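Let me begin by presenting the structure, written as structure tokens, before commenting on it.
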Amino acid sequence: MDSVTEQTASPLPPSPADFGFAVEHRLDEGGDHGGDGRPLGRAGTIRTPHGDIQTPAFIPVGTKATVKALLPETVGRLGGQAVLANAYHLFLQPGSDIVDEAGGFGSFMNWHGPTFTDSGGFQVMSLGVGFKKVISMTEGMHQSDDVIAKNKERLAHVDEDGVTFKSFLNGDRHRFTPEVSMRIQHQLGADIIFAFDECTTLFNTRAYQEDSVDRTARWAVRCLDEHARQTAERSHRPYQALFGVVQGAQYEDLRRKAARGLAQMSGADAPEQQFDGFGIGGALEKAELGTICGWVSDELPENKPRHLLGISEPDDLFAGIAAGADTFDCVAPSRQARGGTMYSSTGRINAKAATQRRRFEPLDPECDCYTCENYTAAYLHHLFKAKEMLSSTLATIHNERFIVRLVERIRASIIDGTFVELREEVLGRQYGMEFAREAAARYAR
């Protein structure tokens, strides 16, 4: 279960050849198909300088170079193949220059497997502007952005060149541009990094979404150019794969346009530099996740990986994988664990609830995590009620393992042809059989 590999210095100058992706199995039924009839869902392997990632895969989030409450060794033992950290947070604290001196955030946190960093674009939006990520499409459709922002102080301001924002830590003013984001992420040293994009919300009007998609495309070219410069200048570091990010909210034409543009894009100053993979992010409603992911996957090349940003719910994982996503990340498993909300084979459990007080059995008898193999639900309940720090550790081990293991099972089901049966079983037990049947009906031929 421990997929962590030893970190070694690259003996040769960094090259895109150090990164790769291969599709090994395709989803034969129960998923989306592209315009040419090919199945979009697949299982494969991402190759990085610090080890392989078997896909589909869930990537635990270590926002500030730590998966909260867990040792890096624990993340590996529970099946985590890679860790994602946040460029915005590490830039603010301790500083990307310090992380660079440490050898990159993997070395800094003593994690020796593959690593990701996001660009900071979402955090600039969510922490700087503060709008919700998922809201009704109808709200704000005919409102100007000034009206929407009424009574809300904007801590981030977007212009053609980049974003000016105030630190959520101390109010200091900072400036992110595509070039700055690339330099920060190169200092952080992750194997997979993301182009700087403007992350809109569903408050924004159609006209603004159009402008934003075009602006993100212009920023993407600048990211490619700066990425090529940083790769050449930092020949002492392994190659870092750059993923372009597809935006476009819930508009099919904008999503497809953005995906096609990124798939065909190369640097203006470095025409040999193209994107090594793609992220799917931005504003969307939960019910539309699979549909939007399918539009994007249909436009993207088969030989490059697709990362769905900010997703971890069981139904969303099945929908995203069926629509062609390869990897996922989300803070929800660890964040919910620290509050006592636990995943289980039969749905959510509140570890603090009185019903758990005398449950002298594992929280989830079907779970193979360290917590469920060694502790009872009653003991976990006691730790939360007593406000003991160990509650966060044991709960996070369980939630992260639950999601990691679920995606492992989905990968196995793609390989052995039992995806439809697994989806019906898992979703039926999580949400009820009617929900599972509705999910299956979407893909019925």
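Identifiers in the structure tokens: chain A, B, ... in order shown; residue index from 1 per chain; ligand index from 1 in order shown.
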Please identify every residue of range 176-211 of chain A that has at least one atom no farther than 8 Å from an atom of range 247-255 of chain A, counting only C-alpha atoms, and for each give the shortest atom pair and the distance in Å to one decimal, arranged by chain then increasing number, as a Markdown table.
```
| residue | atom | partner | partner_atom | distance |
| --- | --- | --- | --- | --- |
| A:Cys199 | CA | A:Gln247 | CA | 7.3 |
| A:Thr200 | CA | A:Ala249 | CA | 7.5 |
| A:Thr201 | CA | A:Ala249 | CA | 7.5 |
| A:Leu202 | CA | A:Ala249 | CA | 6.9 |
| A:Gln209 | CA | A:Gly248 | CA | 6.3 |
| A:Glu210 | CA | A:Leu254 | CA | 7.1 |
```
>> Please list as a list in words every residue within 7 Å of range 214-225 of chain A, counting only C-alpha atoms and excluding residues in the same chain fewer than 6 positions away.
In response: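 Near neighbours after the sequence-gap exclusion: Glu160, Pro178, Glu179, Met182, Ala195, Phe196, Asp197, Glu198, Gly244, Ser266, Gly267, Ala268, Asp269, Ala270, Gln273 and Gln274 of chain A.
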>> Counting only C-alpha atoms, which residue out of A:Ile59, A:Leu40, A:Ile292, A:Leu390 sits closest to Val246 in chain A?
In response: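 Counting only C-alpha atoms, the residue closest to Val246 in chain A is A:Ile292.
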>> List the spatial neighbours of Leu394 in chain A as a list in words - criterion: any atom at most 10 Å away, only C-alpha atoms, same-chain residues fewer than 5 positions off excluded.
In response: Ala69, Leu70, Ala337, Arg338, Cys369, Tyr370, Thr371, Cys372, Asn374, Tyr375, Leu380, Leu383, Met389 and Asn399 of chain A
> If you run DSSP on the backbone, which residues of range 321-364 of chain A are strand (DSSP E), as a PyMOL selection string?
Replying inline: chain A and resi 327-330+341-342+349-350
> Out of range 189-336 of chain A, which residues get alpha helix (DSSP H) from DSSP, as a ChimeraX atom specification?
Replying inline: /A:206-233,252-264,289-299,314-322,332-336
> Excluding same-chain residues fewer than 4 positions from Asn110 in chain A, what lies within 12 Å of it counting only C-alpha atoms, as a ChimeraX atom specification?
Replying inline: /A:4-7,65-67,71-76,83,99,102-106,114-115
>> Applying 9 Å and only C-alpha atoms, which residues near Asp316 in chain A remain after dropping the ones on its own chain fewer than 2 positions away? List them as a ChimeraX atom specification.
In response: /A:286-287,289-290,311-314,318-321
> Any idea what's packed within 9 Å of range 424-432 of chain A, counting only C-alpha atoms, ignoring anything in its chain fewer than 4 positions away? Could you give it as a list in words?
Replying inline: Pro314, Asp315, Phe318, Ser344, Ser345, Thr346, Gly347, Arg348, Leu406, Phe419, Val420, Ala436, Arg437, Ala439 and Ala440 of chain A
>> Between CA of Thr177 in chain A and CA of Asp161 in chain A, what distance in Å does the model show, to one decimal?
In response: 6.3 Å
> Smallest atom-to-atom distance to Ala351 in chain A: which of A:Phe168, A:Phe328, A:Tyr88, A:Tyr379, using only C-alpha atoms?
Replying inline: A:Tyr379
>> Neighbouring residues of Ala241 in chain A were defined as those with any atom within 7 Å, considering only C-alpha atoms; residues of the same chain fewer than 6 positions away were excluded. Please report them as a ChimeraX atom specification.
In response: /A:19,191-193,276
